[in-house]
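Participant: Structure: final29.txt, compact mmCIF, C-alpha atoms and all ligand atoms.
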# COMPACT_ATOMS: atom_id res chain seq x y z
CA MET A 279 77.33 -214.18 117.92
CA SER A 280 79.82 -211.46 116.99
CA ILE A 281 81.26 -209.10 119.55
CA ALA A 282 82.09 -205.53 118.54
CA THR A 283 85.83 -204.99 118.62
CA GLN A 284 87.11 -202.43 121.08
CA GLU A 285 90.20 -200.29 121.21
CA ARG A 286 92.14 -199.61 124.36
CA LEU A 287 94.67 -196.84 124.82
CA ILE A 288 97.76 -197.75 126.84
CA ARG A 289 100.00 -194.94 128.08
CA PRO A 290 103.58 -195.53 129.22
CA ALA A 291 104.09 -196.08 132.95
CA ARG A 292 106.76 -194.90 135.39
CA ASN A 293 106.46 -197.88 137.68
CA VAL A 294 104.31 -200.86 138.60
CA TYR A 295 103.28 -201.12 142.22
CA GLY A 296 100.57 -202.73 144.32
CA SER A 297 98.93 -205.88 145.51
CA LEU A 298 96.56 -208.15 143.59
CA ARG A 299 94.37 -211.18 144.16
CA LEU A 300 93.56 -212.74 140.82
CA PRO A 301 90.51 -214.66 139.59
CA GLY A 302 90.71 -218.44 139.55
CA ASP A 303 92.97 -220.38 137.24
CA LYS A 304 91.39 -221.04 133.86
CA SER A 305 92.75 -224.58 133.44
CA ILE A 306 91.63 -225.66 136.91
CA SER A 307 88.22 -223.97 136.54
CA HIS A 308 87.55 -225.87 133.27
CA ARG A 309 88.40 -229.17 134.92
CA TYR A 310 86.48 -228.59 138.14
CA ALA A 311 83.45 -227.44 136.14
CA MET A 312 83.58 -230.48 133.87
CA LEU A 313 84.20 -233.02 136.62
CA GLY A 314 81.70 -231.40 139.00
CA ALA A 315 79.09 -231.53 136.25
CA PHE A 316 79.86 -235.20 135.62
CA ALA A 317 80.10 -236.25 139.28
CA GLU A 318 77.40 -237.27 141.69
CA GLY A 319 76.31 -234.50 144.06
CA THR A 320 76.69 -230.74 144.29
CA SER A 321 80.13 -229.13 144.09
CA ARG A 322 80.89 -225.58 145.20
CA PHE A 323 83.72 -223.63 143.62
CA THR A 324 84.85 -220.25 144.89
CA ASN A 325 87.19 -217.92 142.97
CA PHE A 326 86.01 -219.62 139.77
CA SER A 327 87.56 -218.15 136.60
CA THR A 328 85.70 -215.06 135.40
CA GLY A 329 86.83 -215.64 131.79
CA ALA A 330 84.48 -216.34 128.89
CA ASP A 331 86.23 -219.66 128.17
CA CYS A 332 85.19 -221.21 131.47
CA ALA A 333 81.69 -219.83 131.01
CA SER A 334 81.63 -221.83 127.74
CA THR A 335 82.48 -225.00 129.65
CA LEU A 336 79.75 -224.33 132.23
CA ALA A 337 77.19 -223.64 129.49
CA CYS A 338 78.08 -226.86 127.63
CA MET A 339 77.81 -228.91 130.82
CA GLU A 340 74.49 -227.26 131.63
CA ALA A 341 73.24 -228.16 128.15
CA LEU A 342 74.23 -231.77 128.95
CA GLY A 343 72.04 -231.91 132.05
CA ALA A 344 74.17 -230.49 134.88
CA LYS A 345 72.68 -227.77 137.09
CA VAL A 346 74.76 -224.62 137.32
CA HIS A 347 74.03 -221.96 139.88
CA LYS A 348 76.17 -218.83 139.94
CA ILE A 349 76.61 -217.17 143.32
CA GLY A 350 77.87 -213.63 142.85
CA ASP A 351 80.68 -212.98 140.37
CA ALA A 352 83.10 -215.71 141.23
CA ALA A 353 81.42 -218.62 142.93
CA VAL A 354 79.47 -221.38 141.31
CA GLU A 355 77.52 -224.42 142.44
CA VAL A 356 77.38 -227.35 140.04
CA THR A 357 75.12 -230.36 140.47
CA GLY A 358 76.40 -233.24 138.42
CA VAL A 359 74.72 -235.82 136.19
CA ALA A 360 76.22 -238.77 138.11
CA GLY A 361 78.04 -240.16 135.10
CA ARG A 362 75.28 -240.02 132.49
CA VAL A 363 74.77 -236.88 130.37
CA THR A 364 71.62 -235.99 128.45
CA PRO A 365 72.30 -235.32 124.76
CA ALA A 366 71.62 -231.66 124.07
CA ALA A 367 69.00 -230.65 121.52
CA HIS A 368 71.43 -228.14 119.99
CA ALA A 369 75.12 -228.00 119.20
CA LEU A 370 77.40 -227.49 122.20
CA GLU A 371 78.93 -224.05 121.63
CA CYS A 372 82.54 -223.98 122.85
CA GLY A 373 83.17 -220.35 121.85
CA ASN A 374 86.90 -219.57 121.71
CA SER A 375 87.87 -222.40 124.05
CA GLY A 376 90.07 -225.23 122.79
CA SER A 377 90.13 -226.74 126.30
CA THR A 378 86.33 -226.99 126.35
CA MET A 379 86.10 -228.60 122.93
CA ARG A 380 88.97 -231.06 123.27
CA MET A 381 88.28 -232.18 126.82
CA ILE A 382 84.49 -232.50 126.46
CA SER A 383 85.00 -234.62 123.34
CA GLY A 384 86.74 -237.24 125.48
CA LEU A 385 84.03 -237.05 128.11
CA LEU A 386 81.26 -237.55 125.52
CA ALA A 387 82.82 -240.19 123.26
CA PRO A 388 81.77 -243.11 125.57
CA GLN A 389 78.37 -241.63 126.46
CA GLN A 390 75.04 -242.56 124.82
CA GLY A 391 73.70 -240.25 122.13
CA ARG A 392 74.83 -237.86 119.41
CA PHE A 393 76.65 -234.65 120.12
CA THR A 394 77.81 -231.73 117.96
CA LEU A 395 80.51 -229.35 119.17
CA THR A 396 81.01 -225.99 117.50
CA GLY A 397 83.29 -223.02 118.10
CA ASP A 398 83.97 -219.48 116.96
CA ALA A 399 86.04 -218.68 113.85
CA SER A 400 89.36 -218.99 115.68
CA LEU A 401 88.48 -222.30 117.36
CA SER A 402 87.15 -223.64 114.05
CA ARG A 403 90.64 -223.19 112.55
CA ARG A 404 92.43 -225.10 115.31
CA PRO A 405 93.57 -228.73 114.90
CA MET A 406 91.19 -231.36 116.28
CA GLU A 407 92.78 -234.42 114.66
CA ARG A 408 94.95 -234.66 117.78
CA ILE A 409 91.95 -235.74 119.85
CA ARG A 410 90.13 -237.65 117.13
CA LYS A 411 93.08 -239.99 116.62
CA PRO A 412 93.44 -241.43 120.15
CA LEU A 413 89.69 -241.44 120.76
CA GLU A 414 89.12 -243.28 117.50
CA GLU A 415 91.81 -245.77 118.55
CA MET A 416 89.61 -246.38 121.60
CA GLY A 417 86.70 -247.12 119.25
CA ALA A 418 85.04 -243.69 119.32
CA ARG A 419 82.91 -242.47 116.41
CA ILE A 420 84.04 -238.95 115.71
CA VAL A 421 83.71 -236.96 112.52
CA LEU A 422 85.60 -233.72 112.02
CA THR A 423 85.17 -231.09 109.36
CA GLU A 424 88.47 -231.22 107.43
CA GLY A 425 90.38 -231.81 110.64
CA HIS A 426 88.51 -229.08 112.50
CA ALA A 427 85.27 -228.25 114.30
CA PRO A 428 82.35 -228.74 114.00
CA ILE A 429 82.86 -232.12 115.67
CA GLU A 430 80.19 -234.81 115.46
CA ILE A 431 80.31 -237.54 118.10
CA GLU A 432 78.17 -240.64 118.18
CA GLY A 433 78.66 -242.03 121.64
CA THR A 434 79.64 -245.68 121.96
CA PRO A 435 81.38 -247.92 124.53
CA LEU A 436 85.17 -247.73 124.16
CA HIS A 437 88.15 -249.96 124.84
CA PRO A 438 91.33 -248.89 126.63
CA ILE A 439 94.53 -247.84 124.84
CA ASP A 440 98.12 -247.06 125.70
CA TYR A 441 98.71 -243.79 123.92
CA THR A 442 101.92 -241.88 123.29
CA ALA A 443 101.04 -238.28 122.53
CA PRO A 444 103.06 -236.96 119.54
CA VAL A 445 102.65 -233.32 120.64
CA PRO A 446 102.81 -232.39 124.34
CA SER A 447 99.24 -231.38 125.15
CA ALA A 448 97.39 -231.39 128.46
CA GLN A 449 94.13 -231.05 126.58
CA VAL A 450 94.74 -234.24 124.58
CA LYS A 451 95.93 -236.08 127.70
CA THR A 452 92.76 -235.00 129.52
CA SER A 453 90.50 -235.95 126.64
CA VAL A 454 91.89 -239.50 126.65
CA LEU A 455 91.76 -239.76 130.47
CA LEU A 456 88.12 -238.62 130.56
CA ALA A 457 87.27 -241.32 128.02
CA GLY A 458 89.36 -243.82 130.04
CA LEU A 459 87.48 -242.90 133.22
CA GLN A 460 84.36 -244.42 131.65
CA THR A 461 86.03 -247.38 129.90
CA ALA A 462 86.60 -250.86 131.33
CA GLY A 463 90.34 -251.62 131.56
CA THR A 464 93.42 -249.43 131.93
CA THR A 465 93.90 -246.44 129.64
CA ALA A 466 97.38 -244.89 129.67
CA VAL A 467 98.80 -241.69 128.20
CA ARG A 468 102.55 -241.30 127.78
CA GLU A 469 104.13 -237.89 127.27
CA SER A 470 107.70 -236.87 126.51
CA VAL A 471 107.22 -233.54 128.29
CA ARG A 472 105.26 -233.45 131.53
CA THR A 473 102.33 -231.18 130.66
CA ARG A 474 100.17 -229.44 133.27
CA ASP A 475 98.76 -232.07 135.65
CA HIS A 476 95.54 -230.37 136.80
CA SER A 477 93.39 -233.18 135.37
CA GLU A 478 95.25 -235.85 137.28
CA LEU A 479 94.97 -233.83 140.51
CA ALA A 480 91.32 -232.94 139.88
CA LEU A 481 90.32 -236.52 139.06
CA ARG A 482 91.90 -237.61 142.36
CA ALA A 483 90.15 -234.78 144.20
CA PHE A 484 86.80 -236.02 142.85
CA GLY A 485 87.63 -239.49 144.17
CA ALA A 486 89.12 -241.27 141.16
CA THR A 487 92.24 -243.43 141.33
CA ILE A 488 94.95 -242.36 138.88
CA ASN A 489 98.39 -243.88 138.54
CA ARG A 490 101.39 -241.81 137.55
CA THR A 491 104.91 -242.74 136.58
CA ILE A 492 107.64 -240.37 135.49
CA ASP A 493 106.34 -240.23 131.91
CA SER A 494 102.83 -241.70 131.99
CA VAL A 495 99.39 -241.37 133.54
CA SER A 496 96.88 -244.19 133.63
CA ILE A 497 93.35 -244.72 134.80
CA ALA A 498 91.50 -247.98 135.32
CA GLY A 499 87.86 -247.49 134.41
CA PRO A 500 85.04 -247.37 134.94
CA GLN A 501 85.13 -245.12 137.98
CA THR A 502 82.63 -242.71 139.50
CA LEU A 503 83.24 -239.18 140.75
CA THR A 504 81.94 -237.46 143.87
CA ALA A 505 81.31 -233.72 144.31
CA ILE A 506 83.85 -231.50 146.10
CA ASP A 507 84.09 -227.99 147.55
CA ALA A 508 87.10 -226.05 146.34
CA THR A 509 88.65 -222.61 146.18
CA ILE A 510 90.43 -222.11 142.88
CA PRO A 511 93.99 -220.72 142.99
CA GLY A 512 94.69 -217.37 141.30
CA ASP A 513 95.64 -217.79 137.64
CA LEU A 514 99.42 -217.73 137.19
CA SER A 515 99.08 -217.34 133.41
CA SER A 516 97.06 -214.15 134.04
CA ALA A 517 99.57 -213.04 136.67
CA ALA A 518 102.26 -213.49 133.99
CA PHE A 519 101.29 -210.16 132.39
CA PHE A 520 101.74 -208.33 135.66
CA LEU A 521 104.87 -210.24 136.63
CA CYS A 522 106.43 -209.24 133.30
CA ALA A 523 105.19 -205.65 133.68
CA ALA A 524 106.80 -205.45 137.12
CA ALA A 525 110.00 -206.95 135.68
CA LEU A 526 110.34 -203.90 133.40
CA PHE A 527 110.61 -201.23 136.12
CA PRO A 528 113.49 -201.08 138.61
CA GLY A 529 111.78 -200.08 141.85
CA SER A 530 108.62 -202.01 141.06
CA ASN A 531 106.93 -204.07 143.74
CA LEU A 532 103.92 -206.32 143.14
CA VAL A 533 102.40 -208.82 145.53
CA PHE A 534 99.95 -211.56 144.53
CA ASP A 535 97.89 -213.38 147.14
CA ALA A 536 96.77 -217.02 146.78
CA LEU A 537 98.40 -217.45 143.40
CA GLY A 538 98.42 -220.93 141.82
CA LEU A 539 101.93 -222.39 142.01
CA ASN A 540 101.43 -225.88 140.61
CA PRO A 541 104.99 -226.92 139.60
CA THR A 542 103.84 -227.94 136.09
CA ARG A 543 102.74 -224.32 135.59
CA SER A 544 105.32 -222.23 137.39
CA SER A 545 108.33 -222.27 135.02
CA LEU A 546 107.73 -218.58 134.38
CA LEU A 547 109.01 -217.83 137.87
CA ASP A 548 112.26 -219.67 137.05
CA VAL A 549 112.65 -217.80 133.75
CA LEU A 550 112.04 -214.43 135.41
CA THR A 551 114.55 -215.33 138.10
CA ALA A 552 117.07 -216.22 135.37
CA LEU A 553 116.41 -212.75 133.88
CA GLY A 554 117.42 -211.24 137.23
CA VAL A 555 113.95 -210.55 138.68
CA HIS A 556 113.66 -211.03 142.43
CA ILE A 557 110.77 -213.31 143.38
CA ALA A 558 109.81 -214.24 146.94
CA VAL A 559 107.22 -216.93 147.70
CA LEU A 560 105.49 -217.09 151.09
CA ASN A 561 102.47 -218.71 152.75
CA LEU A 562 102.50 -221.90 150.69
CA GLU A 563 99.29 -223.90 151.01
CA GLU A 564 97.87 -226.96 149.32
CA LYS A 565 94.21 -227.72 148.60
CA HIS A 566 93.15 -230.73 146.54
CA ALA A 567 96.90 -231.08 145.79
CA GLU A 568 97.00 -227.69 144.04
CA LEU A 569 99.63 -225.38 145.51
CA THR A 570 99.05 -221.67 146.21
CA GLY A 571 101.23 -218.98 147.72
CA THR A 572 101.89 -215.28 148.12
CA VAL A 573 104.30 -214.10 145.43
CA GLN A 574 106.24 -210.86 145.63
CA VAL A 575 108.14 -209.58 142.61
CA THR A 576 110.68 -206.75 142.27
CA ALA A 577 112.74 -205.86 139.21
CA PRO A 578 116.54 -205.76 139.27
CA PRO A 579 118.04 -202.23 139.36
CA GLN A 580 120.47 -203.14 136.57
CA GLY A 581 117.71 -204.23 134.16
CA LEU A 582 116.87 -207.67 132.79
CA SER A 583 119.54 -210.01 131.45
CA SER A 584 118.84 -212.46 128.59
CA THR A 585 117.58 -216.00 128.16
CA THR A 586 116.86 -218.83 125.73
CA ILE A 587 113.64 -220.82 126.02
CA SER A 588 113.69 -224.13 124.16
CA GLY A 589 113.02 -227.87 124.53
CA PRO A 590 110.57 -228.98 127.25
CA LEU A 591 110.60 -225.48 128.78
CA ALA A 592 108.93 -224.09 125.64
CA ALA A 593 106.02 -226.53 126.06
CA GLN A 594 105.70 -225.81 129.78
CA LEU A 595 105.68 -222.05 129.20
CA ILE A 596 103.55 -222.08 126.08
CA ASP A 597 100.88 -219.62 127.34
CA GLU A 598 103.46 -217.23 128.79
CA LEU A 599 105.65 -216.99 125.67
CA PRO A 600 103.78 -214.06 124.05
CA VAL A 601 104.35 -211.80 127.05
CA LEU A 602 107.95 -212.94 127.53
CA ALA A 603 108.56 -212.16 123.85
CA ALA A 604 106.88 -208.77 124.27
CA ILE A 605 109.36 -207.74 127.00
CA GLY A 606 112.31 -209.22 125.06
CA PRO A 607 113.40 -205.91 123.46
CA TYR A 608 113.74 -204.35 126.92
CA THR A 609 116.18 -207.00 128.17
CA ARG A 610 119.94 -206.38 127.93
CA SER A 611 120.74 -209.02 125.32
CA GLY A 612 117.45 -210.42 124.19
CA ILE A 613 115.15 -213.42 124.38
CA ARG A 614 115.44 -216.41 122.08
CA ILE A 615 112.50 -218.84 121.75
CA ARG A 616 112.66 -222.22 119.95
CA ASP A 617 110.67 -225.51 119.89
CA ALA A 618 107.46 -223.51 120.24
CA ARG A 619 105.78 -224.43 116.93
CA GLU A 620 102.55 -225.01 118.89
CA LEU A 621 102.25 -221.22 119.23
CA ARG A 622 101.19 -221.15 115.58
CA VAL A 623 97.99 -223.11 116.30
CA LYS A 624 96.78 -221.33 119.43
CA GLU A 625 93.91 -218.79 119.42
CA SER A 626 95.98 -217.07 116.69
CA ASP A 627 99.35 -217.69 115.03
CA ARG A 628 101.12 -216.21 118.03
CA ILE A 629 104.60 -216.29 116.46
CA ALA A 630 103.46 -214.24 113.46
CA LEU A 631 101.41 -211.79 115.56
CA VAL A 632 104.14 -211.24 118.15
CA ALA A 633 106.64 -210.56 115.34
CA SER A 634 104.38 -208.16 113.39
CA ASN A 635 103.30 -206.25 116.50
CA LEU A 636 106.86 -205.93 117.83
CA ARG A 637 107.86 -204.56 114.41
CA ALA A 638 104.94 -202.12 114.53
CA MET A 639 106.47 -200.79 117.76
CA GLY A 640 109.80 -200.34 115.99
CA ALA A 641 111.53 -203.48 117.27
CA GLU A 642 113.91 -205.68 115.37
CA VAL A 643 112.78 -209.32 115.54
CA GLN A 644 113.53 -212.49 113.60
CA GLU A 645 110.78 -215.04 113.08
CA PHE A 646 111.38 -218.81 112.81
CA GLU A 647 108.97 -221.62 112.10
CA ASP A 648 109.21 -222.66 115.77
CA GLY A 649 110.14 -219.44 117.54
CA LEU A 650 111.56 -215.94 117.60
CA ASP A 651 114.85 -214.11 118.18
CA ILE A 652 114.27 -210.79 119.90
CA PRO A 653 117.45 -208.77 120.35
CA GLY A 654 117.75 -206.81 123.60
CA GLY A 655 118.65 -203.17 124.27
CA GLN A 656 115.92 -201.80 121.99
CA SER A 657 113.69 -198.75 122.44
CA LEU A 658 110.10 -199.17 121.30
CA HIS A 659 107.52 -196.58 120.33
CA GLY A 660 103.76 -196.68 120.82
CA ALA A 661 101.84 -198.18 117.90
CA ALA A 662 98.53 -199.61 116.72
CA ILE A 663 98.48 -203.25 117.86
CA ASP A 664 96.45 -205.93 116.11
CA SER A 665 95.46 -208.48 118.77
CA GLY A 666 94.04 -210.77 116.10
CA GLY A 667 91.19 -211.34 118.57
CA ASP A 668 93.66 -213.25 120.76
CA HIS A 669 93.46 -212.45 124.49
CA ARG A 670 97.10 -213.20 125.22
CA ILE A 671 98.34 -210.99 122.36
CA ALA A 672 96.14 -208.08 123.53
CA MET A 673 97.48 -208.35 127.09
CA ALA A 674 101.13 -209.03 126.11
CA PHE A 675 101.32 -205.84 124.05
CA SER A 676 99.61 -203.81 126.75
CA VAL A 677 102.63 -204.77 128.86
CA ALA A 678 105.14 -203.88 126.11
CA ALA A 679 103.34 -200.52 125.76
CA LEU A 680 104.14 -199.57 129.38
CA ARG A 681 107.82 -199.03 128.52
CA ALA A 682 107.33 -197.59 124.99
CA GLN A 683 107.71 -193.96 123.97
CA GLY A 684 104.22 -192.56 123.35
CA GLU A 685 100.80 -194.15 123.38
CA THR A 686 99.72 -197.55 122.10
CA VAL A 687 96.28 -198.56 120.90
CA ILE A 688 95.29 -202.20 121.35
CA HIS A 689 92.75 -203.23 118.70
CA GLY A 690 90.50 -206.13 119.69
CA ALA A 691 91.07 -205.37 123.37
CA GLU A 692 87.78 -207.05 124.33
CA SER A 693 89.47 -210.40 123.70
CA ALA A 694 91.16 -210.09 127.13
CA ALA A 695 87.79 -211.19 128.57
CA ILE A 696 88.37 -214.69 127.17
CA SER A 697 90.62 -215.40 130.14
CA PHE A 698 90.88 -212.20 132.19
CA PRO A 699 88.03 -209.62 132.01
CA GLU A 700 89.55 -207.55 134.84
CA PHE A 701 92.92 -207.13 133.09
CA PHE A 702 92.72 -203.49 131.96
CA ASP A 703 91.20 -202.26 135.22
CA LEU A 704 93.90 -203.99 137.24
CA LEU A 705 96.59 -202.65 134.91
CA ASP A 706 95.32 -199.11 135.55
CA LEU A 707 95.40 -199.86 139.26
CA VAL A 708 99.05 -200.95 139.44
CA ALA A 709 100.65 -198.91 136.63
CA GLU A 710 101.92 -195.59 138.03
CA ARG A 711 101.89 -192.83 135.44
C1 LIG A 801 95.59 -226.00 128.49
C2 LIG A 801 96.62 -226.62 127.83
C3 LIG A 801 97.46 -225.91 126.84
C4 LIG A 801 97.33 -224.40 126.98
C5 LIG A 801 95.91 -223.96 127.09
C6 LIG A 801 95.25 -224.59 128.29
C7 LIG A 801 94.81 -226.80 129.44
O1 LIG A 801 97.06 -226.29 125.54
O2 LIG A 801 97.96 -223.75 125.91
O3 LIG A 801 95.83 -222.55 127.21
O4 LIG A 801 94.07 -226.21 130.26
O5 LIG A 801 94.94 -228.03 129.42
P1 LIG A 801 97.57 -227.67 124.84
O6 LIG A 801 96.95 -228.80 125.54
O7 LIG A 801 97.12 -227.53 123.42
O8 LIG A 801 99.06 -227.64 124.98
Write out the structure in this file as structure tokens.

Facilitator:
Amino acid sequence: MSIATQERLIRPARNVYGSLRLPGDKSISHRYAMLGAFAEGTSRFTNFSTGADCASTLACMEALGAKVHKIGDAAVEVTGVAGRVTPAAHALECGNSGSTMRMISGLLAPQQGRFTLTGDASLSRRPMERIRKPLEEMGARIVLTEGHAPIEIEGTPLHPIDYTAPVPSAQVKTSVLLAGLQTAGTTAVRESVRTRDHSELALRAFGATINRTIDSVSIAGPQTLTAIDATIPGDLSSAAFFLCAAALFPGSNLVFDALGLNPTRSSLLDVLTALGVHIAVLNLEEKHAELTGTVQVTAPPQGLSSTTISGPLAAQLIDELPVLAAIGPYTRSGIRIRDARELRVKESDRIALVASNLRAMGAEVQEFEDGLDIPGGQSLHGAAIDSGGDHRIAMAFSVAALRAQGETVIHGAESAAISFPEFFDLLDLVAER
């Protein structure tokens, strides 16, 4: 299916002001949908992600025998298959979603039957060897197409492994844990950088026992899962665009209710604080071990300072780097990003697209294999932006456009719906012109 590409005009803003409650976190929604569909019983999720990626996960799980019942725009009821999926007659279409493809592969590898997973053009370019390798070590039968999707899986019983992930990746960790859940013995994943831990928390919420040490996660299988009711925290990676927009305007004031604040996801708040942004967090709550809170952000009157993002921080902030880079020219002395080579194999080559789009807006920027140097104190002008069909590029440059001279046109603006269909409407709501 091809979607017509849309353009979106973004006019400069004078300020950013208002209060927002954001749709559910994409990473948590994927996991709750997958585990709910695999568990025994009926789970109910409110504030489920409205993005197309999580709809892909629901559709795949439905094709595997789960019952999915949408209630209104943002609630969903999922009746699980109690640990045994039904092989689908057709390929499982994962759309643009790497999380769907990589995590479901681990879930299916120990099941009975044959499965084919396909994706759109962008997903079909992304590396899948990273899941094939550990799953094959567990005994899985997985065939890739030159390292990519389509993926063919012939389900077979697996044996446990102790795996050290060469690239920090929550998707790979989850894929191995979901296979380990169904495998007799203890499967462990070791990581040098603590990646987002939603899978560990979600598995526990659905009743599984997971063991964690400072640098490893392990699961003794086989274990069964039981349905839960949950409200999904607002998506901090979606909030990132608005947090960065607010950071650009002295006098701004944005408040987010019930925002996800899982510590493995919230490094952006530390980076913005280091840039001089004032952030207040109130009303902390915890549900199924996921933290939420009210977050209020105001920009410093003297403008943003500068920062370097490298090492483990680059991995922890990987989804927020495009928007941080996009506001880099407006800081006093720039933003430097290193150790972020993974950005090149996301929905697009995000290093190349950030650099070319910043240049289109008149910015000076230096590109490195693993990052970018964006000098500060620059004035940008409106331009034609090529999103490359990548949601986070489309939204990041909509934010940069708020402080540019003149109008910006975002090409491929429809891609925002991959994670955040409401983005442009909410931007119009909070951007004062
Ligand atoms: C995700 C993990 C990250 C992130 C992606 C979502 C997840 O990918 O970039 O948007 O939900 O586990 P990697 O696992 O490739 O780092």

Participant: Please tabulate, as CSV, the residues of chain A that come within 10 Å of ligand LIG 801 (chain A), each with its closest pair of atoms and the distance in Å to one decimal, counting all atoms listed in the file and ordering rows by chain, then residue number upward.

Facilitator:
residue,atom,partner,partner_atom,distance
A:Asp303,CA,A:LIG801,O4,9.2
A:Lys304,CA,A:LIG801,O4,6.8
A:Ser305,CA,A:LIG801,O4,3.8
A:Ile306,CA,A:LIG801,O4,7.1
A:Ser307,CA,A:LIG801,O4,8.9
A:His308,CA,A:LIG801,O4,7.2
A:Arg309,CA,A:LIG801,O4,7.9
A:Ser375,CA,A:LIG801,O3,8.6
A:Gly376,CA,A:LIG801,C5,7.4
A:Ser377,CA,A:LIG801,O4,5.6
A:Thr378,CA,A:LIG801,O4,8.7
A:Arg380,CA,A:LIG801,O6,8.6
A:Met381,CA,A:LIG801,O5,8.3
A:Arg404,CA,A:LIG801,O7,9.7
A:Pro405,CA,A:LIG801,O7,9.3
A:Arg408,CA,A:LIG801,O7,9.3
A:Val445,CA,A:LIG801,O8,8.0
A:Pro446,CA,A:LIG801,O8,6.1
A:Ser447,CA,A:LIG801,O6,3.5
A:Ala448,CA,A:LIG801,O6,3.9
A:Gln449,CA,A:LIG801,O6,3.8
A:Val450,CA,A:LIG801,O6,5.9
A:Lys451,CA,A:LIG801,O6,7.7
A:Thr452,CA,A:LIG801,O5,7.3
A:Ser453,CA,A:LIG801,O5,9.5
A:Thr473,CA,A:LIG801,O8,7.4
A:Arg474,CA,A:LIG801,O5,6.6
A:Asp475,CA,A:LIG801,O5,8.4
A:His476,CA,A:LIG801,O5,7.8
A:Ser477,CA,A:LIG801,O5,8.0
A:Ser515,CA,A:LIG801,O3,8.7
A:Ala593,CA,A:LIG801,O8,7.1
A:Gln594,CA,A:LIG801,O8,8.4
A:Leu595,CA,A:LIG801,O2,8.6
A:Ile596,CA,A:LIG801,O2,5.8
A:Asp597,CA,A:LIG801,O2,5.3
A:Glu598,CA,A:LIG801,O2,9.0
A:Glu620,CA,A:LIG801,O8,7.5
A:Leu621,CA,A:LIG801,O2,8.3
A:Val623,CA,A:LIG801,O7,8.4
A:Lys624,CA,A:LIG801,O2,7.0
A:Glu625,CA,A:LIG801,O3,8.9
A:Arg670,CA,A:LIG801,O3,9.6
A:Ser697,CA,A:LIG801,O3,9.3

Participant: May I have the residues within 6 Å of Glu710 (chain A) as a PyMOL selection string, using all atoms listed in the file and disregarding those fewer than 5 positions away in the same chain?

Facilitator: chain A and resi 291-294

Participant: When you look at region 531-544 of chain A with a cut-off of 6 Å (counting all atoms listed in the file), what residues show up, excluding the ones that are within fewer than 2 positions of it in the same chain? I need them as a ChimeraX atom specification.

Facilitator: /A:295-299,474,511-514,546-547,568-576

Participant: With all atoms listed in the file as the atoms that count, which of A:His426, A:His659, A:Lys345, A:Arg322 lies nearest to Glu407 (chain A)?

Facilitator: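 Using all atoms listed in the file, the shortest distance to Glu407 (chain A) belongs to A:His426.
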
Participant: Looking at all atoms listed in the file, which of A:Ser634, A:Asn374, A:Ser530, A:Ser583 is the one that sits closest to Ala695 (chain A)?

Facilitator: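 Going through A:Ser634, A:Asn374, A:Ser530, A:Ser583 one by one, the smallest distance to Ala695 (chain A) is for A:Asn374.
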
Participant: What's around Arg490 (chain A) at 10 Å? Count only C-alpha atoms, leave out sequence neighbours fewer than 3 positions away in its own chain, and write the answer as a ChimeraX atom specification.

Facilitator: /A:466-468,478,493-497

Participant: By how many Å are CA of Ile557 (chain A) and CA of Ser611 (chain A) apart?

Facilitator: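 Rounded to one decimal, the two atoms are 21.1 Å apart.
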
Participant: Write out as a list in words each polymer residue whose atoms come within 7 Å of region 600-603 of chain A, counting only C-alpha atoms; drop sequence neighbours fewer than 3 positions from it.

Facilitator: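 What passes the distance filter is Phe519, Gly606, Ile613, Arg628, Val632, Arg670, Ile671 and Ala674 of chain A.
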
Participant: Between CA of Met673 (chain A) and CA of Leu370 (chain A), what distance in Å does the model show, to one decimal?

Facilitator: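 Straight-line distance from CA of Met673 (chain A) to CA of Leu370 (chain A) works out to 28.2 Å.
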